[in-house]
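**Student:** Below you will find the structure I want to go over with you.
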Amino acid sequence: MEDTVSHSSVDSALDEFVLVNAEPRLHIAGNGGFGELEQKLSELLSDDFNNPNSVLSGPPVRMSILSTGTEKSVATCLENGTKTEDVVIADSDAKKDLEKETPVVETKNSFNNMNVDAKISDEAKAQNLILPDGMTSSQIDLGCDCTIFTGVTYLGSAAVNAPRSEAEINRNMAVFNDQSKMAIPVVLSVPNHSEGIVYLIDPNTDMEISRYPILRILFCARGPADTSEHRCFAFTSSHGESAESAIFQCHLFRCDGQEVNVAKILFSFAAAFQHVPKSPSVASESSVIGDHSFNFSVALEFKEVDAKGNFVACPKDKNVFKLRCNVEKKICIVVTQSNQSRELKIERCFGLLISPGRNVKDSDMHLIDMVSMGVGSDQRSYVISANWDPTDPSTKILNTETPKDTRVFLTVAVDLVVEGIQEPVRFLVETRAKIFPTSERFWYFTTRPHIEQFILKLKEVSCEDINLSASKNQMPQYEVVSIESRTELERKKNFSLSFPTMASSTPSDRGSPTEGEAEESDGDEPLQSGSGVVSKDVMDENLLDSWRDVMGRWHQNLKQRPKQVQSLARKGIPEALRGEVWQLLAGCTDDADMLDAYRILIAKDSPAEPVIMRDINRIFPANDYFRESGGLGQDALFKISKAYSVYDEEINYCQGVSFLAASLLLHMPEEQAFCVLVKIMFEYGLRDLFKQNFEGLHLKFYQLERLMQEHLPDLFDHFMDLGLEAHMYASQWFLTLFTAKFPLFMVFHILDLFLSDGIDTIFIIALALLKTSRKDLLALDFEGVLKYFRVQLPKKYRAEDASKELLQLAISLKVSSKRLKKFEKDYVALKEAQLQQEDPVDRLQRENKRLLEANMRLEQENDDLAHELVTSKITLRRDLDESEDRCDVLNKELLQTKAQLLDTEDEMKRLELESQQLKEVCRRELDRAEAESVRNQAITLDYKQICSQLSERLEKQQVAHKEELVRMKSLLENCDSCSKLVAPDGRLKTIGVEHLTSNIDPNLLEKESVIRELELELAQTKLALVEAECKNQDLVHQLNSAIVELQTSKSTWFQKTLTSIKEATAKSKDNNNKEGREMSRKDSFN
């Protein structure tokens, strides 16, 4: 492992610890950054080596300059030959990129090897690196390598809410540096690795003041360079047993000595978190006691925020998590140790990391923010949860929608601090995920977590001085030997089995290993069921075109199988079409009744459920779909097996059926797989092999032996000599259709032939297997033959080419149905002969036993039916009572509804009557208003005519008056006596007018007054006309409004409307009467 820490992690002040290459790192915040710290430290170290009185002038020093591609060593022997110090620093001049190459400092100064009575010189004490006079390692039990700093003043501590806030630490630093009255001088001891302890020691009494474990220090900062706190530094630590009860304190210090520099102290802290005690250093002082193995189970679960703001578990499909883009997520991990005699206690989680891909490097992992950690409610598990922001650029791949039929791998790492183990333990969990859009909705899924089993191998060691707590509590100490997951172990184990050659990805290019190679690589271990990779590539385009034509004609007439199907099936059905073709061959493409029956069957209980659960882990353990315990594949297989055990009560459950169901599940959903399974069992005759104490299976064995006697007589004689019967090696062939041991590509091709040609396919496949292995079997004894059938025979066909050759040989073999019928008759005759030769007592006892078993079975069925009948009666009675109660309630509601209906009808009739009356009233009022309007219009016309006549008379009188006036003026002008009264402008003079008035004609004066009165009456008449027109318009508007209201409301408000109309009509009549009286008065006046 490299001892490196990223530059960004050192400069950051607000991040948590990071773990790079399984080693803890501390982030140090310092004004000026890590480059300034490195530069100052390089200058100080350079001065120290050049100065004979420097702080490093004690023991000999070897400096290693780490540069890119070079290494230099400088040995400087100073004074006494005490223990050597190794100082490893980064040569900044040799590095071209400080962002990529980071310095590492290791300082080892073992005080445990110092003489108790040794005295430390004043000169060394003045350099502020070693202990004062008289102080020995026995007085300060440091327990590890460390660096000592004197001339340090402890200013005090303060509680903080944000332990990683540099601003808050600087604020406390300024206050304590100016106002602290409790400052005390101390000796500061900083350990050189992450499991050490920081000690504060009283320089006068040599007693320990306080201690702070490195693992509890969260943050370290220095004072700003341009302030009075530039010689101050501080670190924050946590106090408490759990994250919920933790209290964070900030401890502040000031460097008063001239030679003590803040950069040295901060770099010592950085070195402490960069170094983890390596196993060689422990082994030098330790003796191995023994090896131990511990089993851990790690459950991984992803949660996403839903519409209500709550975190809900992400669904899984075939061991693949379904995640959404741009949705905040939470990662939950539960670590549980299996039941063992010795339990390892998990102290805390050191970090939770995530990265896209698998087999990722430690440097590619990305730290995420932990939310909580602690012991679970069962007191056996340890639960960690962390928030993950998928929009982080580092995990962009895991936030990008994946294309169709693709998945992405992701790796989650959890680092745990375990009691008794010197290094943090990292569990790497690899899983797959499919990324969907944000608005995606999932319907059918499981939310079970992904569970990975780990084997932690430890080596117990005995160490004299590992640490102080170990010496007191006598706790056993361990070294990590290895951490392996069961998935990785199975992958390594099956690598050579599943992939015999990796030269090409094309199945046809994979060679078949020789028997010697297979034995060397596999030994005596049998081939696991479900092994082998089936390629979906079709190399023969003509074959694909032929299937396309056949499928088109087949879908047009599902009842008739095309003739080409049998020949095409013998060549092998393309993997992409197998699921559909198998359903067509079995004749269950549109069996809605069976689909509905399956949904009912899975809800029922089966007495075989415990047996099914026991066998479920043995079905196709080499296949990823069925490998996970409790996964989606095992759930579907369990439901199909249970449904069939309920559906076929006579056969109930047999493990061979589960292998066949698992093969079907790899090509179709569980409902369709159940339908095909029922068809195979009932219509293809496979069910007969399980009936009547496997009597049908023994018939098949007899037929197989007779076929061997005809086709392979030497092998048949060899088996007879060995006493080897067919049931000893061919039971799985018939009961599982070769699905239990052989590779999947061979199994699927055999099922192609079986569904196309029928159950007699088993015989030709069995003969082909025996024929290809004839020479090997003839050379083996009884045990060797059984081992060959169990181990070597399935391994011979791990290569797809070998299996194709076998199946072509099987197709070429001819087994006529007539011969099988003859063998069946011979078997029946043989059984009858055996029965006749058998002792009648034994025969009757066997028959009695069979009948007793049948009787017990029938009684059990009768009890079940009786129980079901009673249960059904109780259920029906309860349902009947509920229905009667419901009927009574509905009858009451019906009566109430009828009463409400009658009331509503009466109300409706009343409203209709009122509406008709209202319409009639409105109609009468409308007619009256129209007649009134006509009359008013006639009056208005008369008024207009009278006004026009008056206007004409007025104009005529005005004209006559003007003419008369002109005549009188001319008379006055002609008269000598009267001409004096006329002014030159035609006006009469006012002087002496009074005496002339008596001489004016009285008729003339009367006419003038009449003219004035007529003009006044004319103006009044015009005004009355205008008012009448306005009132007429108001009446028309009120009438229209009343009609609209009556038509819309149809309520009792029509009375008010009628009243308003009547009032308006009365007012109109009054106005008209007044106008009529005025007009009559005017007429009489005229």
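The way I read the labels, and the way they are meant: chains A, B, ... in the order of the structure tokens, residue 1 as the first residue of every chain, and ligand 1 as the first ligand shown, with later ones counted on from there.
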Do you know which residues are at most 7 Å from segment 379-381 of chain A counting only C-alpha atoms, after dropping those on the same chain fewer than 4 positions away, and could you put them as number ranges by chain?
**Tutor:** A: 334-336, 375
**Student:** Where in segment 638-825 of chain A does DSSP assign alpha helix (DSSP H), given as an mmCIF file with C-alpha atoms, in the first residue's frame?
**Tutor:**
data_model
loop_
_atom_site.group_PDB
_atom_site.id
_atom_site.type_symbol
_atom_site.label_atom_id
_atom_site.label_comp_id
_atom_site.auth_asym_id
_atom_site.auth_seq_id
_atom_site.Cartn_x
_atom_site.Cartn_y
_atom_site.Cartn_z
ATOM 1 C CA PHE A 638 -40.264 -21.438 -4.935
ATOM 2 C CA LYS A 639 -43.661 -20.180 -6.088
ATOM 3 C CA ILE A 640 -43.714 -22.473 -9.139
ATOM 4 C CA SER A 641 -42.697 -25.547 -7.096
ATOM 5 C CA LYS A 642 -45.268 -24.783 -4.423
ATOM 6 C CA ALA A 643 -48.007 -24.102 -6.983
ATOM 7 C CA TYR A 644 -47.361 -27.408 -8.751
ATOM 8 C CA SER A 645 -47.356 -29.339 -5.447
ATOM 9 C CA VAL A 646 -50.829 -27.909 -4.760
ATOM 10 C CA TYR A 647 -51.993 -28.413 -8.353
ATOM 11 C CA GLN A 655 -36.768 -32.064 -6.696
ATOM 12 C CA GLY A 656 -36.485 -33.111 -10.328
ATOM 13 C CA VAL A 657 -39.428 -30.893 -11.211
ATOM 14 C CA SER A 658 -37.602 -27.873 -9.748
ATOM 15 C CA PHE A 659 -34.629 -28.325 -12.112
ATOM 16 C CA LEU A 660 -36.983 -28.369 -15.081
ATOM 17 C CA ALA A 661 -38.876 -25.320 -13.771
ATOM 18 C CA ALA A 662 -35.582 -23.423 -13.300
ATOM 19 C CA SER A 663 -34.660 -24.080 -16.952
ATOM 20 C CA LEU A 664 -38.019 -22.686 -18.033
ATOM 21 C CA LEU A 665 -37.685 -19.619 -15.790
ATOM 22 C CA GLU A 670 -43.099 -17.553 -13.969
ATOM 23 C CA GLU A 671 -46.764 -17.740 -15.093
ATOM 24 C CA GLN A 672 -45.858 -19.008 -18.560
ATOM 25 C CA ALA A 673 -43.180 -21.285 -17.070
ATOM 26 C CA PHE A 674 -45.799 -22.908 -14.851
ATOM 27 C CA CYS A 675 -48.094 -23.507 -17.832
ATOM 28 C CA VAL A 676 -45.304 -25.156 -19.846
ATOM 29 C CA LEU A 677 -44.313 -27.253 -16.810
ATOM 30 C CA VAL A 678 -47.883 -28.569 -16.440
ATOM 31 C CA LYS A 679 -47.997 -29.401 -20.153
ATOM 32 C CA ILE A 680 -44.703 -31.311 -19.948
ATOM 33 C CA MET A 681 -45.792 -33.242 -16.874
ATOM 34 C CA PHE A 682 -49.268 -34.216 -18.109
ATOM 35 C CA GLU A 695 -43.220 -47.790 -11.503
ATOM 36 C CA GLY A 696 -43.103 -45.902 -14.797
ATOM 37 C CA LEU A 697 -39.499 -44.917 -14.129
ATOM 38 C CA HIS A 698 -38.491 -48.563 -13.646
ATOM 39 C CA LEU A 699 -40.137 -49.353 -16.989
ATOM 40 C CA LYS A 700 -37.926 -46.704 -18.627
ATOM 41 C CA PHE A 701 -34.872 -48.244 -16.969
ATOM 42 C CA TYR A 702 -35.785 -51.652 -18.380
ATOM 43 C CA GLN A 703 -36.285 -50.183 -21.845
ATOM 44 C CA LEU A 704 -32.925 -48.404 -21.643
ATOM 45 C CA GLU A 705 -31.138 -51.620 -20.663
ATOM 46 C CA ARG A 706 -32.763 -53.504 -23.558
ATOM 47 C CA LEU A 707 -31.662 -50.723 -25.934
ATOM 48 C CA MET A 708 -28.135 -50.974 -24.537
ATOM 49 C CA GLN A 709 -28.235 -54.714 -25.098
ATOM 50 C CA GLU A 710 -29.042 -54.072 -28.770
ATOM 51 C CA HIS A 711 -26.814 -51.076 -29.501
ATOM 52 C CA PRO A 713 -23.842 -55.188 -26.041
ATOM 53 C CA ASP A 714 -20.280 -55.115 -24.676
ATOM 54 C CA LEU A 715 -21.054 -52.188 -22.382
ATOM 55 C CA PHE A 716 -24.280 -53.892 -21.302
ATOM 56 C CA ASP A 717 -22.396 -57.076 -20.423
ATOM 57 C CA HIS A 718 -19.783 -55.041 -18.553
ATOM 58 C CA PHE A 719 -22.475 -53.365 -16.454
ATOM 59 C CA MET A 720 -24.098 -56.737 -15.791
ATOM 60 C CA ASP A 721 -20.785 -58.149 -14.647
ATOM 61 C CA LEU A 722 -20.299 -55.200 -12.308
ATOM 62 C CA SER A 731 -32.350 -41.658 -12.514
ATOM 63 C CA GLN A 732 -31.524 -37.953 -12.907
ATOM 64 C CA TRP A 733 -31.546 -38.285 -16.683
ATOM 65 C CA PHE A 734 -35.214 -39.259 -16.721
ATOM 66 C CA LEU A 735 -36.507 -37.302 -13.725
ATOM 67 C CA THR A 736 -34.795 -33.986 -14.562
ATOM 68 C CA LEU A 744 -26.995 -25.041 -19.782
ATOM 69 C CA PHE A 745 -26.390 -24.800 -23.530
ATOM 70 C CA MET A 746 -26.593 -28.604 -23.716
ATOM 71 C CA VAL A 747 -29.644 -28.701 -21.419
ATOM 72 C CA PHE A 748 -31.541 -26.168 -23.533
ATOM 73 C CA HIS A 749 -30.806 -28.067 -26.766
ATOM 74 C CA ILE A 750 -32.056 -31.298 -25.150
ATOM 75 C CA LEU A 751 -35.274 -29.513 -24.157
ATOM 76 C CA ASP A 752 -35.624 -28.362 -27.769
ATOM 77 C CA LEU A 753 -35.584 -31.993 -28.883
ATOM 78 C CA PHE A 754 -37.813 -33.136 -26.012
ATOM 79 C CA LEU A 755 -40.567 -30.606 -26.703
ATOM 80 C CA SER A 756 -40.361 -31.319 -30.433
ATOM 81 C CA ASP A 757 -40.089 -35.158 -30.466
ATOM 82 C CA THR A 761 -35.797 -38.237 -26.757
ATOM 83 C CA ILE A 762 -34.420 -39.292 -23.379
ATOM 84 C CA PHE A 763 -33.462 -42.708 -24.768
ATOM 85 C CA ILE A 764 -31.484 -41.401 -27.727
ATOM 86 C CA ILE A 765 -29.646 -38.865 -25.546
ATOM 87 C CA ALA A 766 -28.814 -41.576 -23.002
ATOM 88 C CA LEU A 767 -27.582 -43.946 -25.730
ATOM 89 C CA ALA A 768 -25.453 -41.174 -27.218
ATOM 90 C CA LEU A 769 -23.875 -40.454 -23.817
ATOM 91 C CA LEU A 770 -23.110 -44.137 -23.259
ATOM 92 C CA LYS A 771 -21.768 -44.576 -26.781
ATOM 93 C CA THR A 772 -19.366 -41.618 -26.592
ATOM 94 C CA ARG A 774 -18.019 -46.500 -24.022
ATOM 95 C CA LYS A 775 -14.237 -46.922 -24.003
ATOM 96 C CA ASP A 776 -13.822 -45.060 -20.708
ATOM 97 C CA LEU A 777 -16.612 -47.014 -19.023
ATOM 98 C CA LEU A 778 -15.301 -50.396 -20.148
ATOM 99 C CA PHE A 782 -18.053 -50.312 -10.192
ATOM 100 C CA GLU A 783 -16.988 -47.279 -8.161
ATOM 101 C CA GLY A 784 -15.107 -45.796 -11.073
ATOM 102 C CA VAL A 785 -18.157 -46.018 -13.324
ATOM 103 C CA LEU A 786 -20.364 -44.279 -10.742
ATOM 104 C CA LYS A 787 -17.751 -41.550 -10.248
ATOM 105 C CA LEU A 793 -19.234 -37.231 -17.888
ATOM 106 C CA PRO A 794 -20.813 -33.754 -17.404
ATOM 107 C CA LYS A 795 -17.393 -32.092 -17.677
ATOM 108 C CA GLU A 800 -20.378 -26.212 -26.796
ATOM 109 C CA ASP A 801 -18.800 -27.997 -29.751
ATOM 110 C CA ALA A 802 -18.635 -31.253 -27.788
ATOM 111 C CA SER A 803 -22.292 -30.995 -26.815
ATOM 112 C CA LYS A 804 -23.299 -30.314 -30.422
ATOM 113 C CA GLU A 805 -21.440 -33.404 -31.583
ATOM 114 C CA LEU A 806 -23.207 -35.447 -28.900
ATOM 115 C CA LEU A 807 -26.644 -34.207 -29.923
ATOM 116 C CA GLN A 808 -25.958 -34.830 -33.613
ATOM 117 C CA LEU A 809 -25.024 -38.392 -32.723
ATOM 118 C CA ALA A 810 -28.203 -38.724 -30.665
ATOM 119 C CA ILE A 811 -30.328 -37.488 -33.578
ATOM 120 C CA SER A 812 -28.724 -40.021 -35.867
ATOM 121 C CA SER A 817 -41.729 -46.710 -30.845
ATOM 122 C CA LYS A 818 -42.595 -50.277 -31.797
ATOM 123 C CA ARG A 819 -39.460 -51.578 -30.113
ATOM 124 C CA LEU A 820 -40.272 -49.583 -26.991
ATOM 125 C CA LYS A 821 -43.823 -50.974 -26.990
ATOM 126 C CA LYS A 822 -42.425 -54.487 -27.289
ATOM 127 C CA PHE A 823 -40.031 -53.824 -24.401
ATOM 128 C CA GLU A 824 -42.951 -52.500 -22.352
ATOM 129 C CA LYS A 825 -44.907 -55.711 -22.967
#
**Student:** Within 10 Å of Asn170 of chain A, counting only C-alpha atoms, which residues qualify if same-chain residues fewer than 4 places away don't, as a PDB file with N, CA, C and O atoms, in the first residue's frame?
**Tutor:**
ATOM      1  N   SER A 165     -15.315  23.640  11.360  1.00  0.00           N
ATOM      2  CA  SER A 165     -15.398  25.029  10.912  1.00  0.00           C
ATOM      3  C   SER A 165     -14.126  25.762  11.314  1.00  0.00           C
ATOM      4  O   SER A 165     -13.852  25.973  12.495  1.00  0.00           O
ATOM      5  N   GLU A 166     -13.355  26.142  10.333  1.00  0.00           N
ATOM      6  CA  GLU A 166     -12.107  26.854  10.608  1.00  0.00           C
ATOM      7  C   GLU A 166     -12.395  28.247  11.170  1.00  0.00           C
ATOM      8  O   GLU A 166     -11.650  28.745  12.024  1.00  0.00           O
ATOM      9  N   ALA A 174      -8.547  33.373  18.859  1.00  0.00           N
ATOM     10  CA  ALA A 174      -8.287  34.783  19.157  1.00  0.00           C
ATOM     11  C   ALA A 174      -8.715  35.140  20.579  1.00  0.00           C
ATOM     12  O   ALA A 174      -8.013  35.856  21.301  1.00  0.00           O
ATOM     13  N   VAL A 175      -9.866  34.623  21.002  1.00  0.00           N
ATOM     14  CA  VAL A 175     -10.359  34.928  22.355  1.00  0.00           C
ATOM     15  C   VAL A 175      -9.440  34.339  23.408  1.00  0.00           C
ATOM     16  O   VAL A 175      -9.034  35.015  24.371  1.00  0.00           O
ATOM     17  N   PHE A 176      -9.071  33.082  23.269  1.00  0.00           N
ATOM     18  CA  PHE A 176      -8.250  32.426  24.292  1.00  0.00           C
ATOM     19  C   PHE A 176      -6.825  32.972  24.301  1.00  0.00           C
ATOM     20  O   PHE A 176      -6.191  33.047  25.357  1.00  0.00           O
ATOM     21  N   ALA A 221      -6.167  22.930  12.848  1.00  0.00           N
ATOM     22  CA  ALA A 221      -6.027  24.216  12.163  1.00  0.00           C
ATOM     23  C   ALA A 221      -4.963  25.051  12.857  1.00  0.00           C
ATOM     24  O   ALA A 221      -4.656  24.848  14.042  1.00  0.00           O
ATOM     25  N   ARG A 222      -4.404  25.987  12.135  1.00  0.00           N
ATOM     26  CA  ARG A 222      -3.406  26.920  12.668  1.00  0.00           C
ATOM     27  C   ARG A 222      -3.947  28.333  12.597  1.00  0.00           C
ATOM     28  O   ARG A 222      -4.882  28.631  11.864  1.00  0.00           O
ATOM     29  N   GLY A 223      -3.334  29.244  13.363  1.00  0.00           N
ATOM     30  CA  GLY A 223      -3.765  30.622  13.363  1.00  0.00           C
ATOM     31  C   GLY A 223      -3.381  31.351  12.096  1.00  0.00           C
ATOM     32  O   GLY A 223      -2.426  30.973  11.411  1.00  0.00           O
ATOM     33  N   PRO A 224      -4.129  32.406  11.746  1.00  0.00           N
ATOM     34  CA  PRO A 224      -3.802  33.174  10.542  1.00  0.00           C
ATOM     35  C   PRO A 224      -2.397  33.753  10.630  1.00  0.00           C
ATOM     36  O   PRO A 224      -1.931  34.182  11.684  1.00  0.00           O
ATOM     37  N   GLU A 229      -2.171  35.430  16.327  1.00  0.00           N
ATOM     38  CA  GLU A 229      -2.369  33.996  16.561  1.00  0.00           C
ATOM     39  C   GLU A 229      -1.564  33.140  15.597  1.00  0.00           C
ATOM     40  O   GLU A 229      -1.845  31.948  15.424  1.00  0.00           O
ATOM     41  N   CYS A 232      -0.247  30.023  17.098  1.00  0.00           N
ATOM     42  CA  CYS A 232      -1.254  29.192  17.763  1.00  0.00           C
ATOM     43  C   CYS A 232      -1.748  28.104  16.807  1.00  0.00           C
ATOM     44  O   CYS A 232      -1.732  28.267  15.588  1.00  0.00           O
ATOM     45  N   PHE A 233      -2.204  27.024  17.403  1.00  0.00           N
ATOM     46  CA  PHE A 233      -2.848  25.962  16.646  1.00  0.00           C
ATOM     47  C   PHE A 233      -3.906  25.311  17.541  1.00  0.00           C
ATOM     48  O   PHE A 233      -3.917  25.516  18.765  1.00  0.00           O
ATOM     49  N   ALA A 234      -4.779  24.534  16.927  1.00  0.00           N
ATOM     50  CA  ALA A 234      -5.879  23.901  17.678  1.00  0.00           C
ATOM     51  C   ALA A 234      -6.312  22.643  16.942  1.00  0.00           C
ATOM     52  O   ALA A 234      -6.085  22.494  15.733  1.00  0.00           O
ATOM     53  N   LEU A 252      -6.959  24.384  22.328  1.00  0.00           N
ATOM     54  CA  LEU A 252      -6.144  25.444  21.734  1.00  0.00           C
ATOM     55  C   LEU A 252      -4.777  25.494  22.398  1.00  0.00           C
ATOM     56  O   LEU A 252      -4.648  25.354  23.624  1.00  0.00           O
TER      57      LEU A 252
END
